[in-house]
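Right, one structure below, let's go through it.
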Amino acid sequence: MKLSHSLALTLPLASGWAMAADLSVKFELPQLNVAEYHKPYVAVWIEKADQGVASNLAVLYDVKKKDNAGEKWVKDLRTWWRKAGRDAKLPIDGVSGATRAAGTHTLSFGPAVNGLDKLPAGDYKLVIEAAREAGGRELVKVPFAWPAKGKLAANAAGKEELGAVSVQIQ
């Protein structure tokens, strides 16, 4: 199983970045024809050039399970877990949310959300990871340079647990 897909993307650098920049992530969770289907857990974060986490944007898991039992399976988001999850106290305010059913979903983040307004100029990757109980795991990365000048749209795609992924900055 191939776990990583990348799409090269470069945004022009500017002397200062527009405080009004919004980041939007649109992703598809494909309907899989399997005997036992569980909604995938999904993590979305921004990764620095050194592969450290610059900002956690979303961690979608079964937040309503009795006695926080959904947290047990968050470790299946192995890349996110190793980089940021094991040190996080779940649920993360403003980041944690419920799993999503198969289909297309959009998450939007304003500049002051999750430290986006404090990102220094540099090279980053938007990373999305999906893992499903009794299923697979997949990671998609979209590299970009920050800050953005003007509008930007980029697309990538997973092959199994994730379908189309698009990132927009405006």
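A note on labels: chains of the structure tokens are A, B, ... as shown, every chain counts residues from 1, and ligands are counted from 1 in their shown order.
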
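Considering only range 20-138 of chain A, backbone DSSP assigns alpha helix (DSSP H) to Arg78, Thr79, Trp80, Trp81, Arg82 and Lys83 of chain A.
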
For Val53 in chain A: contacts at 12 Å, only C-alpha atoms, fewer than 6 positions along chain excluded, given as an NGL selection string: :A and (43-47 or 79-85 or 87 or 114-115 or 119 or 124-127)

Any chance you could tabulate, as a tab-separated table, the residues of range 17-56 of chain A at most 6 Å from range 89-103 of chain A with each one's nearest atom pair and distance in Å to one decimal, using only C-alpha atoms, in chain and rising number order?
```
residue	atom	partner	partner_atom	distance
A:Glu28	CA	A:Gly103	CA	5.5
A:Leu29	CA	A:Ala102	CA	4.8
A:Pro30	CA	A:Ala102	CA	5.4
A:Gln31	CA	A:Ala102	CA	5.2
A:Lys39	CA	A:Ala101	CA	5.7
A:Tyr41	CA	A:Thr99	CA	5.9
```

Residue among A:Ala121, A:Ala154, A:Ala35, A:Leu139 lying closest to Val167 in chain A, counting only C-alpha atoms: A:Ala154

One-decimal distance in Å that lies between CA of Gly163 in chain A and CA of Gly136 in chain A: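 Value for the CA of Gly136 in chain A-CA of Gly163 in chain A distance: 13.3 Å.
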
One-decimal distance in Å that lies between CA of Ala54 in chain A and CA of Trp73 in chain A: 23.3 Å

Atom-to-atom span, CA of Pro147 in chain A and CA of Ala88 in chain A, Å: 26.9 Å

Among range 14-131 of chain A, which ones does DSSP place in strand (DSSP E or B), written as an mmCIF file with all heavy atoms, in the first residue's frame?
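Saved file part_8.cif follows:
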```cif
data_model
loop_
_atom_site.group_PDB
_atom_site.id
_atom_site.type_symbol
_atom_site.label_atom_id
_atom_site.label_comp_id
_atom_site.auth_asym_id
_atom_site.auth_seq_id
_atom_site.Cartn_x
_atom_site.Cartn_y
_atom_site.Cartn_z
ATOM 1 N N LEU A 23 -7.508 29.805 4.634
ATOM 2 C CA LEU A 23 -7.076 28.530 4.078
ATOM 3 C C LEU A 23 -8.266 27.583 4.118
ATOM 4 O O LEU A 23 -8.950 27.482 5.129
ATOM 5 C CB LEU A 23 -5.920 27.975 4.911
ATOM 6 C CG LEU A 23 -5.310 26.696 4.381
ATOM 7 C CD1 LEU A 23 -3.795 26.791 4.479
ATOM 8 C CD2 LEU A 23 -5.782 25.500 5.158
ATOM 9 N N SER A 24 -8.506 26.919 3.013
ATOM 10 C CA SER A 24 -9.614 25.981 2.880
ATOM 11 C C SER A 24 -9.082 24.650 2.377
ATOM 12 O O SER A 24 -8.271 24.628 1.458
ATOM 13 C CB SER A 24 -10.568 26.529 1.834
ATOM 14 O OG SER A 24 -11.863 26.484 2.228
ATOM 15 N N VAL A 25 -9.519 23.568 2.989
ATOM 16 C CA VAL A 25 -9.125 22.224 2.576
ATOM 17 C C VAL A 25 -10.397 21.458 2.229
ATOM 18 O O VAL A 25 -11.305 21.341 3.052
ATOM 19 C CB VAL A 25 -8.372 21.476 3.699
ATOM 20 C CG1 VAL A 25 -7.992 20.083 3.260
ATOM 21 C CG2 VAL A 25 -7.157 22.261 4.150
ATOM 22 N N LYS A 26 -10.445 20.964 0.999
ATOM 23 C CA LYS A 26 -11.577 20.167 0.545
ATOM 24 C C LYS A 26 -11.043 18.759 0.286
ATOM 25 O O LYS A 26 -10.022 18.602 -0.386
ATOM 26 C CB LYS A 26 -12.164 20.763 -0.736
ATOM 27 C CG LYS A 26 -13.439 20.122 -1.213
ATOM 28 C CD LYS A 26 -13.961 20.907 -2.415
ATOM 29 C CE LYS A 26 -15.257 20.353 -2.926
ATOM 30 N NZ LYS A 26 -15.764 21.150 -4.059
ATOM 31 N N PHE A 27 -11.693 17.757 0.851
ATOM 32 C CA PHE A 27 -11.207 16.394 0.679
ATOM 33 C C PHE A 27 -12.362 15.425 0.503
ATOM 34 O O PHE A 27 -13.457 15.655 0.983
ATOM 35 C CB PHE A 27 -10.315 15.969 1.856
ATOM 36 C CG PHE A 27 -11.010 15.964 3.187
ATOM 37 C CD1 PHE A 27 -11.543 14.790 3.710
ATOM 38 C CD2 PHE A 27 -11.115 17.121 3.936
ATOM 39 C CE1 PHE A 27 -12.176 14.780 4.944
ATOM 40 C CE2 PHE A 27 -11.749 17.124 5.175
ATOM 41 C CZ PHE A 27 -12.274 15.943 5.680
ATOM 42 N N GLU A 28 -12.064 14.357 -0.207
ATOM 43 C CA GLU A 28 -13.067 13.328 -0.475
ATOM 44 C C GLU A 28 -12.708 12.066 0.297
ATOM 45 O O GLU A 28 -11.569 11.610 0.287
ATOM 46 C CB GLU A 28 -13.105 13.012 -1.966
ATOM 47 C CG GLU A 28 -14.100 11.922 -2.315
ATOM 48 C CD GLU A 28 -13.994 11.476 -3.762
ATOM 49 O OE1 GLU A 28 -13.029 11.850 -4.451
ATOM 50 O OE2 GLU A 28 -14.879 10.726 -4.174
ATOM 51 N N LEU A 29 -13.713 11.514 0.972
ATOM 52 C CA LEU A 29 -13.600 10.204 1.599
ATOM 53 C C LEU A 29 -14.406 9.254 0.719
ATOM 54 O O LEU A 29 -15.639 9.335 0.686
ATOM 55 C CB LEU A 29 -14.155 10.230 3.022
ATOM 56 C CG LEU A 29 -13.450 11.182 3.987
ATOM 57 C CD1 LEU A 29 -14.186 11.248 5.307
ATOM 58 C CD2 LEU A 29 -12.011 10.767 4.180
ATOM 59 N N TYR A 41 -10.855 8.045 10.635
ATOM 60 C CA TYR A 41 -10.338 9.148 11.428
ATOM 61 C C TYR A 41 -9.444 9.940 10.486
ATOM 62 O O TYR A 41 -8.775 9.369 9.626
ATOM 63 C CB TYR A 41 -9.526 8.634 12.610
ATOM 64 C CG TYR A 41 -10.359 8.104 13.759
ATOM 65 C CD1 TYR A 41 -11.708 7.775 13.627
ATOM 66 C CD2 TYR A 41 -9.781 7.920 15.003
ATOM 67 C CE1 TYR A 41 -12.445 7.290 14.690
ATOM 68 C CE2 TYR A 41 -10.509 7.429 16.077
ATOM 69 C CZ TYR A 41 -11.844 7.121 15.920
ATOM 70 O OH TYR A 41 -12.569 6.644 16.977
ATOM 71 N N VAL A 42 -9.445 11.263 10.640
ATOM 72 C CA VAL A 42 -8.696 12.131 9.723
ATOM 73 C C VAL A 42 -7.951 13.187 10.531
ATOM 74 O O VAL A 42 -8.521 13.773 11.460
ATOM 75 C CB VAL A 42 -9.650 12.821 8.715
ATOM 76 C CG1 VAL A 42 -8.898 13.810 7.827
ATOM 77 C CG2 VAL A 42 -10.397 11.796 7.871
ATOM 78 N N ALA A 43 -6.699 13.420 10.183
ATOM 79 C CA ALA A 43 -5.917 14.515 10.772
ATOM 80 C C ALA A 43 -5.439 15.412 9.637
ATOM 81 O O ALA A 43 -5.040 14.930 8.579
ATOM 82 C CB ALA A 43 -4.729 13.975 11.560
ATOM 83 N N VAL A 44 -5.488 16.723 9.865
ATOM 84 C CA VAL A 44 -5.022 17.711 8.899
ATOM 85 C C VAL A 44 -4.103 18.658 9.653
ATOM 86 O O VAL A 44 -4.480 19.192 10.693
ATOM 87 C CB VAL A 44 -6.205 18.509 8.286
ATOM 88 C CG1 VAL A 44 -5.695 19.503 7.244
ATOM 89 C CG2 VAL A 44 -7.251 17.585 7.692
ATOM 90 N N TRP A 45 -2.886 18.838 9.119
ATOM 91 C CA TRP A 45 -1.950 19.736 9.778
ATOM 92 C C TRP A 45 -1.028 20.383 8.756
ATOM 93 O O TRP A 45 -0.967 19.985 7.613
ATOM 94 C CB TRP A 45 -1.140 19.006 10.857
ATOM 95 C CG TRP A 45 -0.137 17.997 10.397
ATOM 96 C CD1 TRP A 45 1.199 18.196 10.200
ATOM 97 C CD2 TRP A 45 -0.373 16.614 10.095
ATOM 98 N NE1 TRP A 45 1.799 17.028 9.798
ATOM 99 C CE2 TRP A 45 0.861 16.036 9.730
ATOM 100 C CE3 TRP A 45 -1.506 15.796 10.092
ATOM 101 C CZ2 TRP A 45 0.998 14.704 9.370
ATOM 102 C CZ3 TRP A 45 -1.379 14.462 9.730
ATOM 103 C CH2 TRP A 45 -0.143 13.936 9.376
ATOM 104 N N ILE A 46 -0.311 21.420 9.227
ATOM 105 C CA ILE A 46 0.699 22.077 8.415
ATOM 106 C C ILE A 46 2.046 21.654 8.973
ATOM 107 O O ILE A 46 2.290 21.744 10.180
ATOM 108 C CB ILE A 46 0.555 23.607 8.430
ATOM 109 C CG1 ILE A 46 -0.770 24.001 7.750
ATOM 110 C CG2 ILE A 46 1.734 24.280 7.725
ATOM 111 C CD1 ILE A 46 -1.079 25.473 7.793
ATOM 112 N N GLU A 47 2.901 21.197 8.063
ATOM 113 C CA GLU A 47 4.216 20.687 8.431
ATOM 114 C C GLU A 47 5.293 21.667 7.971
ATOM 115 O O GLU A 47 5.240 22.174 6.853
ATOM 116 C CB GLU A 47 4.389 19.332 7.743
ATOM 117 C CG GLU A 47 5.554 18.513 8.181
ATOM 118 C CD GLU A 47 5.512 17.142 7.520
ATOM 119 O OE1 GLU A 47 5.961 17.029 6.366
ATOM 120 O OE2 GLU A 47 5.016 16.195 8.162
ATOM 121 N N LYS A 48 6.269 21.926 8.833
ATOM 122 C CA LYS A 48 7.402 22.789 8.494
ATOM 123 C C LYS A 48 8.372 22.035 7.579
ATOM 124 O O LYS A 48 8.269 20.822 7.420
ATOM 125 C CB LYS A 48 8.136 23.227 9.762
ATOM 126 C CG LYS A 48 7.265 24.032 10.715
ATOM 127 C CD LYS A 48 8.032 24.471 11.929
ATOM 128 C CE LYS A 48 8.065 23.349 12.950
ATOM 129 N NZ LYS A 48 8.577 23.745 14.261
ATOM 130 N N VAL A 53 5.588 19.810 13.164
ATOM 131 C CA VAL A 53 4.229 20.334 13.000
ATOM 132 C C VAL A 53 4.217 21.831 13.287
ATOM 133 O O VAL A 53 4.606 22.266 14.373
ATOM 134 C CB VAL A 53 3.239 19.595 13.922
ATOM 135 C CG1 VAL A 53 1.861 20.230 13.866
ATOM 136 C CG2 VAL A 53 3.161 18.124 13.539
ATOM 137 N N ALA A 54 3.788 22.615 12.309
ATOM 138 C CA ALA A 54 3.650 24.060 12.479
ATOM 139 C C ALA A 54 2.288 24.399 13.078
ATOM 140 O O ALA A 54 2.165 25.320 13.866
ATOM 141 C CB ALA A 54 3.819 24.783 11.145
ATOM 142 N N SER A 55 1.249 23.634 12.701
ATOM 143 C CA SER A 55 -0.098 23.904 13.183
ATOM 144 C C SER A 55 -0.992 22.689 12.970
ATOM 145 O O SER A 55 -1.016 22.116 11.882
ATOM 146 C CB SER A 55 -0.690 25.098 12.426
ATOM 147 O OG SER A 55 -2.002 25.377 12.864
ATOM 148 N N ASN A 56 -1.716 22.291 14.011
ATOM 149 C CA ASN A 56 -2.756 21.274 13.879
ATOM 150 C C ASN A 56 -4.023 21.982 13.428
ATOM 151 O O ASN A 56 -4.469 22.919 14.081
ATOM 152 C CB ASN A 56 -3.027 20.589 15.227
ATOM 153 C CG ASN A 56 -1.978 19.580 15.584
ATOM 154 O OD1 ASN A 56 -1.685 18.690 14.810
ATOM 155 N ND2 ASN A 56 -1.403 19.724 16.760
ATOM 156 N N LEU A 57 -4.593 21.545 12.313
ATOM 157 C CA LEU A 57 -5.804 22.181 11.803
ATOM 158 C C LEU A 57 -7.059 21.403 12.188
ATOM 159 O O LEU A 57 -8.067 21.998 12.551
ATOM 160 C CB LEU A 57 -5.722 22.331 10.286
ATOM 161 C CG LEU A 57 -4.588 23.216 9.772
ATOM 162 C CD1 LEU A 57 -4.581 23.235 8.250
ATOM 163 C CD2 LEU A 57 -4.697 24.626 10.332
ATOM 164 N N ALA A 58 -7.023 20.076 12.088
ATOM 165 C CA ALA A 58 -8.205 19.276 12.410
ATOM 166 C C ALA A 58 -7.795 17.854 12.774
ATOM 167 O O ALA A 58 -6.871 17.302 12.183
ATOM 168 C CB ALA A 58 -9.173 19.240 11.230
ATOM 169 N N VAL A 59 -8.488 17.293 13.760
ATOM 170 C CA VAL A 59 -8.364 15.876 14.107
ATOM 171 C C VAL A 59 -9.800 15.379 14.259
ATOM 172 O O VAL A 59 -10.491 15.746 15.207
ATOM 173 C CB VAL A 59 -7.563 15.655 15.405
ATOM 174 C CG1 VAL A 59 -7.470 14.164 15.717
ATOM 175 C CG2 VAL A 59 -6.182 16.260 15.302
ATOM 176 N N LEU A 60 -10.239 14.592 13.285
ATOM 177 C CA LEU A 60 -11.621 14.133 13.243
ATOM 178 C C LEU A 60 -11.677 12.675 13.678
ATOM 179 O O LEU A 60 -11.101 11.815 13.020
ATOM 180 C CB LEU A 60 -12.177 14.294 11.822
ATOM 181 C CG LEU A 60 -11.988 15.683 11.205
ATOM 182 C CD1 LEU A 60 -12.496 15.704 9.774
ATOM 183 C CD2 LEU A 60 -12.663 16.750 12.039
ATOM 184 N N SER A 96 -10.402 19.348 17.362
ATOM 185 C CA SER A 96 -11.070 18.049 17.343
ATOM 186 C C SER A 96 -12.502 18.175 16.845
ATOM 187 O O SER A 96 -13.180 19.167 17.113
ATOM 188 C CB SER A 96 -11.093 17.436 18.747
ATOM 189 O OG SER A 96 -9.781 17.149 19.182
ATOM 190 N N GLY A 97 -12.943 17.155 16.118
ATOM 191 C CA GLY A 97 -14.309 17.123 15.616
ATOM 192 C C GLY A 97 -14.711 15.704 15.292
ATOM 193 O O GLY A 97 -13.900 14.774 15.368
ATOM 194 N N GLY A 103 -17.919 10.915 1.233
ATOM 195 C CA GLY A 103 -18.383 12.097 0.514
ATOM 196 C C GLY A 103 -17.305 13.158 0.494
ATOM 197 O O GLY A 103 -16.170 12.927 0.894
ATOM 198 N N THR A 104 -17.666 14.364 0.040
ATOM 199 C CA THR A 104 -16.738 15.477 -0.053
ATOM 200 C C THR A 104 -16.990 16.435 1.096
ATOM 201 O O THR A 104 -18.142 16.769 1.383
ATOM 202 C CB THR A 104 -16.904 16.195 -1.407
ATOM 203 O OG1 THR A 104 -16.670 15.242 -2.454
ATOM 204 C CG2 THR A 104 -15.917 17.328 -1.556
ATOM 205 N N HIS A 105 -15.927 16.873 1.744
ATOM 206 C CA HIS A 105 -16.017 17.729 2.925
ATOM 207 C C HIS A 105 -15.062 18.897 2.788
ATOM 208 O O HIS A 105 -13.990 18.768 2.209
ATOM 209 C CB HIS A 105 -15.679 16.926 4.179
ATOM 210 C CG HIS A 105 -16.493 15.685 4.305
ATOM 211 N ND1 HIS A 105 -17.778 15.691 4.778
ATOM 212 C CD2 HIS A 105 -16.225 14.403 3.953
ATOM 213 C CE1 HIS A 105 -18.263 14.459 4.733
ATOM 214 N NE2 HIS A 105 -17.336 13.655 4.239
ATOM 215 N N THR A 106 -15.449 20.047 3.351
ATOM 216 C CA THR A 106 -14.615 21.237 3.315
ATOM 217 C C THR A 106 -14.395 21.747 4.731
ATOM 218 O O THR A 106 -15.344 21.870 5.510
ATOM 219 C CB THR A 106 -15.270 22.346 2.468
ATOM 220 O OG1 THR A 106 -15.497 21.841 1.144
ATOM 221 C CG2 THR A 106 -14.384 23.577 2.384
ATOM 222 N N LEU A 107 -13.152 22.038 5.049
ATOM 223 C CA LEU A 107 -12.778 22.659 6.320
ATOM 224 C C LEU A 107 -12.155 23.999 5.994
ATOM 225 O O LEU A 107 -11.283 24.084 5.121
ATOM 226 C CB LEU A 107 -11.767 21.790 7.075
ATOM 227 C CG LEU A 107 -12.190 20.356 7.395
ATOM 228 C CD1 LEU A 107 -11.020 19.576 7.988
ATOM 229 C CD2 LEU A 107 -13.371 20.348 8.334
ATOM 230 N N SER A 108 -12.585 25.061 6.678
ATOM 231 C CA SER A 108 -12.060 26.400 6.423
ATOM 232 C C SER A 108 -11.426 26.958 7.687
ATOM 233 O O SER A 108 -11.945 26.762 8.789
ATOM 234 C CB SER A 108 -13.186 27.330 5.960
ATOM 235 O OG SER A 108 -13.708 26.867 4.736
ATOM 236 N N PHE A 109 -10.325 27.687 7.501
ATOM 237 C CA PHE A 109 -9.577 28.229 8.622
ATOM 238 C C PHE A 109 -9.240 29.679 8.339
ATOM 239 O O PHE A 109 -8.620 29.993 7.325
ATOM 240 C CB PHE A 109 -8.279 27.426 8.826
ATOM 241 C CG PHE A 109 -8.533 25.950 8.922
ATOM 242 C CD1 PHE A 109 -8.419 25.143 7.800
ATOM 243 C CD2 PHE A 109 -8.911 25.370 10.116
ATOM 244 C CE1 PHE A 109 -8.668 23.775 7.868
ATOM 245 C CE2 PHE A 109 -9.157 24.005 10.205
ATOM 246 C CZ PHE A 109 -9.041 23.207 9.076
ATOM 247 N N GLY A 122 8.225 30.842 4.697
ATOM 248 C CA GLY A 122 9.013 29.628 4.504
ATOM 249 C C GLY A 122 8.267 28.575 3.721
ATOM 250 O O GLY A 122 7.181 28.819 3.197
ATOM 251 N N ASP A 123 8.870 27.405 3.646
ATOM 252 C CA ASP A 123 8.288 26.269 2.935
ATOM 253 C C ASP A 123 7.535 25.371 3.910
ATOM 254 O O ASP A 123 8.058 25.033 4.982
ATOM 255 C CB ASP A 123 9.383 25.454 2.241
ATOM 256 C CG ASP A 123 10.063 26.239 1.130
ATOM 257 O OD1 ASP A 123 9.368 27.035 0.464
ATOM 258 O OD2 ASP A 123 11.274 26.050 0.938
ATOM 259 N N TYR A 124 6.320 24.981 3.522
ATOM 260 C CA TYR A 124 5.453 24.158 4.357
ATOM 261 C C TYR A 124 4.797 23.088 3.505
ATOM 262 O O TYR A 124 4.850 23.127 2.282
ATOM 263 C CB TYR A 124 4.355 25.013 5.011
ATOM 264 C CG TYR A 124 4.892 26.051 5.955
ATOM 265 C CD1 TYR A 124 5.170 27.341 5.519
ATOM 266 C CD2 TYR A 124 5.136 25.736 7.291
ATOM 267 C CE1 TYR A 124 5.675 28.294 6.383
ATOM 268 C CE2 TYR A 124 5.636 26.690 8.164
ATOM 269 C CZ TYR A 124 5.904 27.961 7.708
ATOM 270 O OH TYR A 124 6.400 28.899 8.569
ATOM 271 N N LYS A 125 4.128 22.143 4.173
ATOM 272 C CA LYS A 125 3.288 21.160 3.494
ATOM 273 C C LYS A 125 1.981 21.072 4.256
ATOM 274 O O LYS A 125 1.973 21.008 5.481
ATOM 275 C CB LYS A 125 3.945 19.779 3.490
ATOM 276 C CG LYS A 125 5.168 19.688 2.632
ATOM 277 C CD LYS A 125 5.775 18.312 2.689
ATOM 278 C CE LYS A 125 7.067 18.323 1.886
ATOM 279 N NZ LYS A 125 8.015 17.345 2.353
ATOM 280 N N LEU A 126 0.883 21.080 3.514
ATOM 281 C CA LEU A 126 -0.395 20.744 4.105
ATOM 282 C C LEU A 126 -0.470 19.220 4.034
ATOM 283 O O LEU A 126 -0.258 18.639 2.969
ATOM 284 C CB LEU A 126 -1.565 21.357 3.347
ATOM 285 C CG LEU A 126 -2.858 20.967 4.080
ATOM 286 C CD1 LEU A 126 -3.428 22.135 4.808
ATOM 287 C CD2 LEU A 126 -3.804 20.282 3.186
ATOM 288 N N VAL A 127 -0.718 18.580 5.165
ATOM 289 C CA VAL A 127 -0.741 17.121 5.227
ATOM 290 C C VAL A 127 -2.110 16.674 5.713
ATOM 291 O O VAL A 127 -2.656 17.232 6.668
ATOM 292 C CB VAL A 127 0.351 16.577 6.185
ATOM 293 C CG1 VAL A 127 0.399 15.057 6.135
ATOM 294 C CG2 VAL A 127 1.711 17.162 5.855
ATOM 295 N N ILE A 128 -2.674 15.667 5.038
ATOM 296 C CA ILE A 128 -3.930 15.067 5.477
ATOM 297 C C ILE A 128 -3.706 13.557 5.539
ATOM 298 O O ILE A 128 -3.154 12.966 4.622
ATOM 299 C CB ILE A 128 -5.120 15.457 4.562
ATOM 300 C CG1 ILE A 128 -6.423 14.844 5.078
ATOM 301 C CG2 ILE A 128 -4.858 15.105 3.129
ATOM 302 C CD1 ILE A 128 -7.682 15.420 4.416
ATOM 303 N N GLU A 129 -4.100 12.980 6.669
ATOM 304 C CA GLU A 129 -3.949 11.538 6.881
ATOM 305 C C GLU A 129 -5.303 10.962 7.261
ATOM 306 O O GLU A 129 -6.025 11.546 8.063
ATOM 307 C CB GLU A 129 -2.942 11.283 8.007
ATOM 308 C CG GLU A 129 -2.691 9.823 8.278
ATOM 309 C CD GLU A 129 -1.632 9.584 9.352
ATOM 310 O OE1 GLU A 129 -1.359 10.495 10.160
ATOM 311 O OE2 GLU A 129 -1.082 8.473 9.379
ATOM 312 N N ALA A 130 -5.639 9.819 6.679
ATOM 313 C CA ALA A 130 -6.888 9.122 7.004
ATOM 314 C C ALA A 130 -6.559 7.686 7.376
ATOM 315 O O ALA A 130 -5.711 7.051 6.749
ATOM 316 C CB ALA A 130 -7.846 9.146 5.809
ATOM 317 N N ALA A 131 -7.222 7.187 8.416
ATOM 318 C CA ALA A 131 -7.050 5.802 8.847
ATOM 319 C C ALA A 131 -8.422 5.264 9.247
ATOM 320 O O ALA A 131 -9.211 5.961 9.877
ATOM 321 C CB ALA A 131 -6.090 5.713 10.023
#
```

Residues near Leu32 in chain A, cut-off 10 Å, only C-alpha atoms, skip fewer than 6 positions along chain, as a list in words: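 The contact residues come out as His38, Ala102, Gly135, Glu160 and Glu161 of chain A.
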
With N, CA and C atoms retained, write the just-selected residues as a compact mmCIF listing (two decimals), in the first residue's frame.
```txt
# COMPACT_ATOMS: atom_id res chain seq x y z
N HIS A 38 -15.98 1.39 8.42
CA HIS A 38 -16.00 2.34 9.52
C HIS A 38 -15.59 3.70 8.96
N ALA A 102 -18.59 8.98 4.12
CA ALA A 102 -18.09 9.04 2.75
C ALA A 102 -18.72 10.24 2.04
N GLY A 135 -9.38 -1.23 8.27
CA GLY A 135 -9.13 -0.75 6.92
C GLY A 135 -7.71 -0.28 6.76
N GLU A 160 -6.65 5.29 -2.00
CA GLU A 160 -7.48 4.30 -1.30
C GLU A 160 -8.40 4.94 -0.28
N GLU A 161 -7.84 5.45 0.81
CA GLU A 161 -8.64 5.99 1.91
C GLU A 161 -9.02 7.45 1.67
```
